[in-house]
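Reading through the C-alpha coordinates given below for one structure.
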Amino acid sequence: MFQLTASDWRGAVFWRGIILSGVVRSSACEEIERHDGRRVLLKADEFDVWLKKLERCKPQPANEVCGKWLEGLMRESPARRPKPKSELRDEAVRRFGVSGRKFDRIWDDKRKLTGANWGEPGAPPKL
(Lines give C-alpha, C1' and ligand atoms only; values in the text may rest on other atoms or scores of the structure.)
Protein backbone atom coordinates (compact mmCIF):
# COMPACT_ATOMS: atom_id res chain seq x y z
CA MET A 1 0.00 0.00 0.00
CA PHE A 2 1.08 3.55 -0.63
CA GLN A 3 -0.46 6.94 -0.12
CA LEU A 4 -0.92 9.51 -2.84
CA THR A 5 -0.35 13.05 -1.69
CA ALA A 6 -2.16 16.14 -2.91
CA SER A 7 0.87 17.05 -5.01
CA ASP A 8 0.66 13.66 -6.72
CA TRP A 9 -2.89 14.34 -7.91
CA ARG A 10 -2.44 18.03 -8.65
CA GLY A 11 -2.13 18.39 -12.39
CA ALA A 12 -2.32 14.67 -13.18
CA VAL A 13 -3.24 14.47 -16.84
CA PHE A 14 -4.94 11.08 -16.61
CA TRP A 15 -6.70 11.61 -13.26
CA ARG A 16 -10.09 10.52 -14.58
CA GLY A 17 -8.67 7.34 -16.08
CA ILE A 18 -6.83 6.57 -12.86
CA ILE A 19 -10.02 6.89 -10.85
CA LEU A 20 -12.12 4.83 -13.26
CA SER A 21 -9.58 2.06 -13.77
CA GLY A 22 -7.94 2.06 -10.34
CA VAL A 23 -4.49 1.92 -11.96
CA VAL A 24 -2.08 4.86 -12.00
CA ARG A 25 -1.22 6.14 -15.47
CA SER A 26 1.06 9.10 -15.84
CA SER A 27 2.62 11.38 -18.34
CA ALA A 28 6.36 12.06 -18.26
CA CYS A 29 7.62 14.37 -15.50
CA GLU A 30 4.42 14.30 -13.43
CA GLU A 31 4.60 13.90 -9.64
CA ILE A 32 2.41 10.80 -9.90
CA GLU A 33 4.85 9.14 -12.34
CA ARG A 34 6.64 7.35 -9.49
CA HIS A 35 3.44 5.33 -8.90
CA ASP A 36 2.85 4.44 -12.58
CA GLY A 37 1.22 1.02 -12.97
CA ARG A 38 0.22 0.64 -9.31
CA ARG A 39 -3.36 0.07 -8.10
CA VAL A 40 -5.18 2.88 -6.30
CA LEU A 41 -7.80 2.82 -3.56
CA LEU A 42 -9.55 6.06 -2.66
CA LYS A 43 -11.61 6.97 0.37
CA ALA A 44 -14.95 8.08 -1.04
CA ASP A 45 -15.40 11.06 1.28
CA GLU A 46 -11.93 12.44 0.55
CA PHE A 47 -12.47 11.99 -3.17
CA ASP A 48 -15.82 13.83 -3.00
CA VAL A 49 -14.18 16.77 -1.22
CA TRP A 50 -11.43 16.90 -3.86
CA LEU A 51 -13.94 16.68 -6.73
CA LYS A 52 -16.12 19.49 -5.32
CA LYS A 53 -13.06 21.69 -4.91
CA LEU A 54 -12.10 21.00 -8.52
CA GLU A 55 -15.60 21.89 -9.75
CA ARG A 56 -15.59 25.22 -7.88
CA CYS A 57 -12.37 26.27 -9.62
CA LYS A 58 -13.73 25.93 -13.13
CA PRO A 59 -14.56 29.08 -15.09
CA GLN A 60 -18.02 29.54 -16.55
CA PRO A 61 -18.67 26.52 -18.75
CA ALA A 62 -17.90 27.15 -22.40
CA ASN A 63 -21.18 25.58 -23.47
CA GLU A 64 -23.16 28.21 -21.50
CA VAL A 65 -21.26 31.09 -23.08
CA CYS A 66 -21.55 29.49 -26.52
CA GLY A 67 -25.27 28.91 -25.96
CA LYS A 68 -25.87 32.56 -25.06
CA TRP A 69 -23.97 33.67 -28.16
CA LEU A 70 -25.87 31.30 -30.43
CA GLU A 71 -29.23 32.18 -28.87
CA GLY A 72 -28.51 35.87 -29.47
CA LEU A 73 -27.79 35.20 -33.14
CA MET A 74 -30.98 33.16 -33.49
CA ARG A 75 -33.09 35.85 -31.85
CA GLU A 76 -31.59 38.56 -34.08
CA SER A 77 -32.41 36.66 -37.24
CA PRO A 78 -34.85 33.79 -36.59
CA ALA A 79 -35.75 33.22 -40.24
CA ARG A 80 -32.26 33.23 -41.73
CA ARG A 81 -28.81 32.14 -40.60
CA PRO A 82 -26.08 34.77 -40.95
CA LYS A 83 -23.61 32.05 -42.02
CA PRO A 84 -23.73 28.35 -42.85
CA LYS A 85 -23.86 26.08 -39.81
CA SER A 86 -20.36 24.75 -40.49
CA GLU A 87 -18.90 28.27 -40.29
CA LEU A 88 -20.79 29.00 -37.07
CA ARG A 89 -19.53 25.68 -35.64
CA ASP A 90 -15.93 26.53 -36.56
CA GLU A 91 -16.29 29.96 -34.95
CA ALA A 92 -17.77 28.45 -31.76
CA VAL A 93 -14.97 25.89 -31.53
CA ARG A 94 -12.37 28.63 -31.97
CA ARG A 95 -13.98 31.23 -29.67
CA PHE A 96 -15.42 29.09 -26.89
CA GLY A 97 -13.50 25.82 -27.05
CA VAL A 98 -16.60 23.63 -27.38
CA SER A 99 -16.43 20.46 -29.43
CA GLY A 100 -18.26 20.11 -32.73
CA ARG A 101 -20.67 17.59 -31.17
CA LYS A 102 -21.37 19.87 -28.24
CA PHE A 103 -22.06 22.73 -30.65
CA ASP A 104 -24.58 20.55 -32.52
CA ARG A 105 -26.40 19.79 -29.25
CA ILE A 106 -26.43 23.47 -28.27
CA TRP A 107 -27.65 24.32 -31.79
CA ASP A 108 -30.62 21.94 -31.50
CA ASP A 109 -31.51 23.13 -27.99
CA LYS A 110 -31.38 26.83 -28.89
CA ARG A 111 -33.28 26.28 -32.14
CA LYS A 112 -36.12 24.67 -30.19
CA LEU A 113 -35.97 27.35 -27.49
CA THR A 114 -36.05 30.32 -29.87
CA GLY A 115 -38.20 28.81 -32.61
CA ALA A 116 -35.60 29.89 -35.16
CA ASN A 117 -35.98 28.40 -38.63
CA TRP A 118 -32.34 27.36 -38.79
CA GLY A 119 -32.96 23.65 -39.22
CA GLU A 120 -32.99 23.60 -43.00
CA PRO A 121 -29.92 22.01 -44.63
CA GLY A 122 -27.59 23.94 -46.88
CA ALA A 123 -26.40 27.51 -47.03
CA PRO A 124 -28.81 30.38 -46.44
CA PRO A 125 -30.55 31.53 -49.61
CA LYS A 126 -29.04 34.51 -51.37
CA LEU A 127 -31.13 37.65 -51.54
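Just remember, in the C-alpha coordinates the first chain shown is A, the second B, etc., residues are 1-based per chain, and ligands are 1-based in the order shown.
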In segment 13-111 of chain A, what's alpha helix (DSSP H) per DSSP? Answer as a ChimeraX atom specification?
-> /A:15-21,44-56,62-76,85-96,100-111
Write out as a list in words which residues come within 12 Å of Arg34 of chain A when counting only C-alpha atoms, dropping same-chain ones fewer than 3 positions away.
->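 So the residues in contact are Phe2, Gln3, Leu4, Thr5, Asp8, Trp9, Val24, Arg25, Ser26, Ser27, Ala28, Cys29, Glu30, Glu31, Gly37 and Arg38 of chain A.
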Restricting the output to N, CA and C atoms, write the selected residues as a JSON list (two decimals), in the first residue's frame.
[["chain", "number", "residue", "atom", "x", "y", "z"],
["A", 2, "PHE", "N", 0.39, 2.27, -0.62],
["A", 2, "PHE", "CA", 1.08, 3.55, -0.63],
["A", 2, "PHE", "C", 0.05, 4.64, -0.59],
["A", 3, "GLN", "N", 0.46, 5.83, -0.23],
["A", 3, "GLN", "CA", -0.46, 6.94, -0.12],
["A", 3, "GLN", "C", -0.10, 8.00, -1.15],
["A", 4, "LEU", "N", -1.11, 8.41, -1.90],
["A", 4, "LEU", "CA", -0.92, 9.51, -2.84],
["A", 4, "LEU", "C", -1.12, 10.82, -2.09],
["A", 5, "THR", "N", -0.23, 11.74, -2.32],
["A", 5, "THR", "CA", -0.35, 13.05, -1.69],
["A", 5, "THR", "C", -1.09, 14.00, -2.63],
["A", 8, "ASP", "N", 0.70, 14.72, -5.72],
["A", 8, "ASP", "CA", 0.66, 13.66, -6.72],
["A", 8, "ASP", "C", -0.53, 13.86, -7.67],
["A", 9, "TRP", "N", -1.67, 14.19, -7.10],
["A", 9, "TRP", "CA", -2.89, 14.34, -7.91],
["A", 9, "TRP", "C", -2.93, 15.67, -8.66],
["A", 24, "VAL", "N", -2.74, 3.59, -11.74],
["A", 24, "VAL", "CA", -2.08, 4.86, -12.00],
["A", 24, "VAL", "C", -1.49, 4.86, -13.40],
["A", 25, "ARG", "N", -1.84, 5.87, -14.16],
["A", 25, "ARG", "CA", -1.22, 6.14, -15.47],
["A", 25, "ARG", "C", -0.68, 7.55, -15.40],
["A", 26, "SER", "N", 0.48, 7.76, -15.94],
["A", 26, "SER", "CA", 1.06, 9.10, -15.84],
["A", 26, "SER", "C", 1.70, 9.51, -17.14],
["A", 27, "SER", "N", 1.88, 10.80, -17.24],
["A", 27, "SER", "CA", 2.62, 11.38, -18.34],
["A", 27, "SER", "C", 4.02, 11.68, -17.81],
["A", 28, "ALA", "N", 4.98, 11.83, -18.69],
["A", 28, "ALA", "CA", 6.36, 12.06, -18.26],
["A", 28, "ALA", "C", 6.46, 13.31, -17.40],
["A", 29, "CYS", "N", 7.28, 13.25, -16.39],
["A", 29, "CYS", "CA", 7.62, 14.37, -15.50],
["A", 29, "CYS", "C", 6.48, 14.81, -14.59],
["A", 30, "GLU", "N", 5.47, 13.97, -14.39],
["A", 30, "GLU", "CA", 4.42, 14.30, -13.43],
["A", 30, "GLU", "C", 4.83, 13.76, -12.06],
["A", 31, "GLU", "N", 4.32, 14.38, -11.00],
["A", 31, "GLU", "CA", 4.60, 13.90, -9.64],
["A", 31, "GLU", "C", 4.13, 12.46, -9.47],
["A", 37, "GLY", "N", 1.50, 2.44, -12.91],
["A", 37, "GLY", "CA", 1.22, 1.02, -12.97],
["A", 37, "GLY", "C", 0.69, 0.41, -11.67],
["A", 38, "ARG", "N", 0.72, 1.15, -10.58],
["A", 38, "ARG", "CA", 0.22, 0.64, -9.31],
["A", 38, "ARG", "C", -1.30, 0.80, -9.21]]
For Lys112 of chain A, work out the shell of residues within 12 Å, counting only C-alpha atoms and skipping chain neighbours fewer than 5 positions away, then give it as a ChimeraX atom specification.
-> /A:71,74-75,78,105-107,117-119
How about saving the chosen residues, N, CA and C atoms kept, as an mmCIF file, in the first residue's frame?
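Saved the output as selection00.cif:
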data_model
loop_
_atom_site.group_PDB
_atom_site.id
_atom_site.type_symbol
_atom_site.label_atom_id
_atom_site.label_comp_id
_atom_site.auth_asym_id
_atom_site.auth_seq_id
_atom_site.Cartn_x
_atom_site.Cartn_y
_atom_site.Cartn_z
ATOM 1 N N GLU A 71 -27.844 31.743 -29.082
ATOM 2 C CA GLU A 71 -29.229 32.176 -28.867
ATOM 3 C C GLU A 71 -29.413 33.622 -29.316
ATOM 4 N N MET A 74 -29.687 33.701 -33.040
ATOM 5 C CA MET A 74 -30.977 33.162 -33.495
ATOM 6 C C MET A 74 -32.115 34.139 -33.239
ATOM 7 N N ARG A 75 -32.041 34.863 -32.147
ATOM 8 C CA ARG A 75 -33.091 35.847 -31.851
ATOM 9 C C ARG A 75 -32.988 37.060 -32.767
ATOM 10 N N PRO A 78 -34.267 35.129 -36.736
ATOM 11 C CA PRO A 78 -34.852 33.794 -36.587
ATOM 12 C C PRO A 78 -35.180 33.095 -37.906
ATOM 13 N N ARG A 105 -25.384 19.928 -30.290
ATOM 14 C CA ARG A 105 -26.405 19.790 -29.245
ATOM 15 C C ARG A 105 -26.931 21.155 -28.817
ATOM 16 N N ILE A 106 -26.022 22.105 -28.648
ATOM 17 C CA ILE A 106 -26.425 23.467 -28.274
ATOM 18 C C ILE A 106 -27.298 24.053 -29.385
ATOM 19 N N TRP A 107 -26.907 23.839 -30.625
ATOM 20 C CA TRP A 107 -27.653 24.319 -31.793
ATOM 21 C C TRP A 107 -29.105 23.825 -31.731
ATOM 22 N N ASN A 117 -35.855 29.286 -37.473
ATOM 23 C CA ASN A 117 -35.981 28.398 -38.630
ATOM 24 C C ASN A 117 -34.593 28.126 -39.209
ATOM 25 N N TRP A 118 -33.712 27.609 -38.372
ATOM 26 C CA TRP A 118 -32.337 27.357 -38.788
ATOM 27 C C TRP A 118 -32.093 25.880 -39.021
ATOM 28 N N GLY A 119 -33.126 25.099 -39.094
ATOM 29 C CA GLY A 119 -32.958 23.652 -39.224
ATOM 30 C C GLY A 119 -32.856 23.156 -40.639
#
Which of A:Arg10, A:Leu70, A:Arg81, A:Leu41 sits closest to Gly22 of chain A [using only C-alpha atoms] | A:Leu41
Any idea what the distance is between atom CA of Val98 of chain A and atom CA of Cys66 of chain A?
->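 Result for atom CA of Val98 of chain A versus atom CA of Cys66 of chain A: 7.7 Å, one decimal.
In this model, the gap between atom CA of Ser7 of chain A and atom CA of Pro61 of chain A comes to 25.7 Å.
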